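Colleague: Below is the structure I would like to discuss, written out as structure tokens.
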Amino acid sequence: MQMVTEKRLLLGVSLFAGACLPTYAANWTTAASVSPGVTYTDNVCLSKDNKQDEWIGTVTPAGSIAADGNRANLSVTGSVEFNTLTDDDLEDNGCSGGSFGNREQFAPQLNGNADAELVENWFYIDSTARIGQNQVTPFASGGGDAFDRTGNTNTTYSYNVSPYIARRFKDTAELNLRYTWDEQFNSSDTVEDSTEERVRGLLGSVPGVSRYLWGLQGDYSKVSYDDSFVGRETVDDSELSSAQVNQGY
């Protein structure tokens with residue numbers, strides 16, 4: 001499972017980086033930092049009766065990269081918090097009710113955006129990448145901070161790549177045709193991975209040119225779920241399509 005996740009993450013990063021290639025001639029800005037810290041808790045087990053205190057050390061390296069070019073832009077910020085709270089520490093303190101084997105001793109955060117104009121006034125591409133943590137279930141303790149004391153934390157990795165055509169034909173019409181590939185996968189086996197494909201086509205009048213407005217629009221989307229999801233035996237994909245004609249004066 002870990003190897004599959006790493007391969008899919010590498011694919012997403014590669015696609016995200018591909019959208020950033022035209023920024024080689026841009027103005028680059030980088031920054032990096034490391035923040036150490038110490039946290040004291042009087043109830044490391046998050047239990048009502050068996051309260052045990054603990055000192056937890058943390059270190060958080062962080063960095064950012066930004067590039068601003070004539071036809072491409074890139075912005076990435078991220079950090080990873082590591083802590084000294086181990087499964088052995090929790091067991092020694094008599095903690096129970098958690099899933100120590102699924103715990104994570106690190107908390108990654110990443111936000112990335114990139115866009116590029118591949119063919120002038122015709123072909124463009126947008127891309128985003130996100131990494132963040134959330135609770136597996138809101139009805140159990142342990143997911144409220146980065147220490148993940150009961151294994152109730154899930155790390156979500158997601159990215160999307162969206163090439164599109166945008167063109168104005170003088171004062172006659174505007175064309176926008178966009179395809180988006182979106183993938184999300186999770187560190188916890190109890191949270192389902194998914195992929196989404198979206199297509200949108202729009203052909204319409206140019207705003208402000210005429211009092212008569214018209215437009216043709218079509219949308220299609222499909223969400224597919226990972227067959228290896230352990231929560232249900234069968235998982236149905238979700239598919240939606242629509243078309244509309246707009247007119248106004």
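Chain labels follow the order of the structure tokens: the first chain is A, the next B, and so on; residue numbering restarts at 1 in every chain, and ligands are counted from 1 in their shown order.
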I'd like the neighbourhood of Trp28 (chain A) as an MDAnalysis selection string, where a residue qualifies if any of its atoms comes within 12 Å (using only C-alpha atoms), though same-chain residues fewer than 4 positions away should be ignored.
Modeller: chainID A and resid 23:24 64:69 72:76
Colleague: Please extract the residues of region 87-237 of chain A with a backbone DSSP assignment of strand (DSSP E or B) and present them as a PyMOL selection string.
Modeller: chain A and resi 106-119+123-135+153-169+173-186+194-204+213-225
Colleague: Using only C-alpha atoms, determine which residues lie at most 12 Å from Phe123 (chain A), disregarding the query and same-chain residues fewer than 5 positions distant; provide the list as number ranges by chain.
Modeller: A: 71, 115-118, 162-167, 175-179
Colleague: Keeping only C-alpha atoms, write the selected residues to a file as a PDB file, in the first residue's frame.
Modeller:
```pdb
ATOM      1  CA  ARG A  71       3.862  32.997 -19.447  1.00  0.00           C
ATOM      2  CA  ASP A 115      -0.261  27.903 -14.339  1.00  0.00           C
ATOM      3  CA  ALA A 116       1.214  28.335 -17.781  1.00  0.00           C
ATOM      4  CA  GLU A 117       0.299  29.624 -21.227  1.00  0.00           C
ATOM      5  CA  LEU A 118       1.524  26.886 -23.574  1.00  0.00           C
ATOM      6  CA  SER A 162      -6.313  21.033 -15.933  1.00  0.00           C
ATOM      7  CA  PRO A 163      -5.392  21.864 -19.547  1.00  0.00           C
ATOM      8  CA  TYR A 164      -7.830  24.105 -21.369  1.00  0.00           C
ATOM      9  CA  ILE A 165      -8.425  26.087 -24.540  1.00  0.00           C
ATOM     10  CA  ALA A 166      -9.656  29.668 -24.257  1.00  0.00           C
ATOM     11  CA  ARG A 167     -10.154  31.727 -27.391  1.00  0.00           C
ATOM     12  CA  LEU A 175     -14.741  29.381 -26.675  1.00  0.00           C
ATOM     13  CA  ASN A 176     -13.644  27.641 -23.471  1.00  0.00           C
ATOM     14  CA  LEU A 177     -12.936  23.921 -23.415  1.00  0.00           C
ATOM     15  CA  ARG A 178     -11.414  22.486 -20.211  1.00  0.00           C
ATOM     16  CA  TYR A 179     -10.402  19.011 -19.062  1.00  0.00           C
TER      17      TYR A 179
END
```
Colleague: Taking 3 positions as the minimum chain separation for residues in the same chain, which residues sit within 10 Å of region 135-139 of chain A when counting only C-alpha atoms? Answer as a PyMOL selection string.
Modeller: chain A and resi 142-145+148+151-155+188-191
Colleague: Go ahead and write the residues just picked, C-alpha atoms, as a PDB file, in the first residue's frame.
Modeller:
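File produced: part30.pdb:
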```pdb
ATOM      1  CA  GLY A 142      -6.730  11.771  18.839  1.00  0.00           C
ATOM      2  CA  GLY A 143      -7.049  13.678  15.591  1.00  0.00           C
ATOM      3  CA  GLY A 144      -7.141  17.182  17.015  1.00  0.00           C
ATOM      4  CA  ASP A 145      -3.389  17.801  16.760  1.00  0.00           C
ATOM      5  CA  ASP A 148      -2.031  11.438  16.452  1.00  0.00           C
ATOM      6  CA  GLY A 151      -4.303   6.671  15.248  1.00  0.00           C
ATOM      7  CA  ASN A 152      -7.292   8.833  14.330  1.00  0.00           C
ATOM      8  CA  THR A 153      -5.425  10.981  11.815  1.00  0.00           C
ATOM      9  CA  ASN A 154      -5.460  10.645   8.049  1.00  0.00           C
ATOM     10  CA  THR A 155      -3.082  12.374   5.652  1.00  0.00           C
ATOM     11  CA  SER A 188      -5.490   5.593   6.265  1.00  0.00           C
ATOM     12  CA  ASP A 189      -6.960   2.398   4.821  1.00  0.00           C
ATOM     13  CA  THR A 190     -10.377   3.359   6.187  1.00  0.00           C
ATOM     14  CA  VAL A 191     -10.611   6.451   3.968  1.00  0.00           C
TER      15      VAL A 191
END
```
Colleague: Point out the residue among A:Thr58, A:Asn27, A:Ser241, A:Ser205 with the least atom-to-atom distance to Asn70 (chain A), counting only C-alpha atoms.
Modeller: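 Closest residue, counting only C-alpha atoms: A:Asn27.
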Colleague: Taking only C-alpha atoms into account, which of A:Lys51, A:Asn186, A:Leu90, A:Thr60 comes nearest Ile131 (chain A)?
Modeller: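 Smallest separation from Ile131 (chain A) among the options: A:Asn186.
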Colleague: Might you pull out every residue within 10 Å of Asn50 (chain A), with only C-alpha atoms counted and same-chain residues fewer than 4 positions away left off, and present them as a ChimeraX atom specification?
Modeller: /A:43-46,93-96
Colleague: To one decimal place in Å, what is the distance between CA of Tyr159 (chain A) and CA of Ala26 (chain A)?
Modeller: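 Spanning CA of Tyr159 (chain A) to CA of Ala26 (chain A) is a straight-line distance of 23.1 Å.
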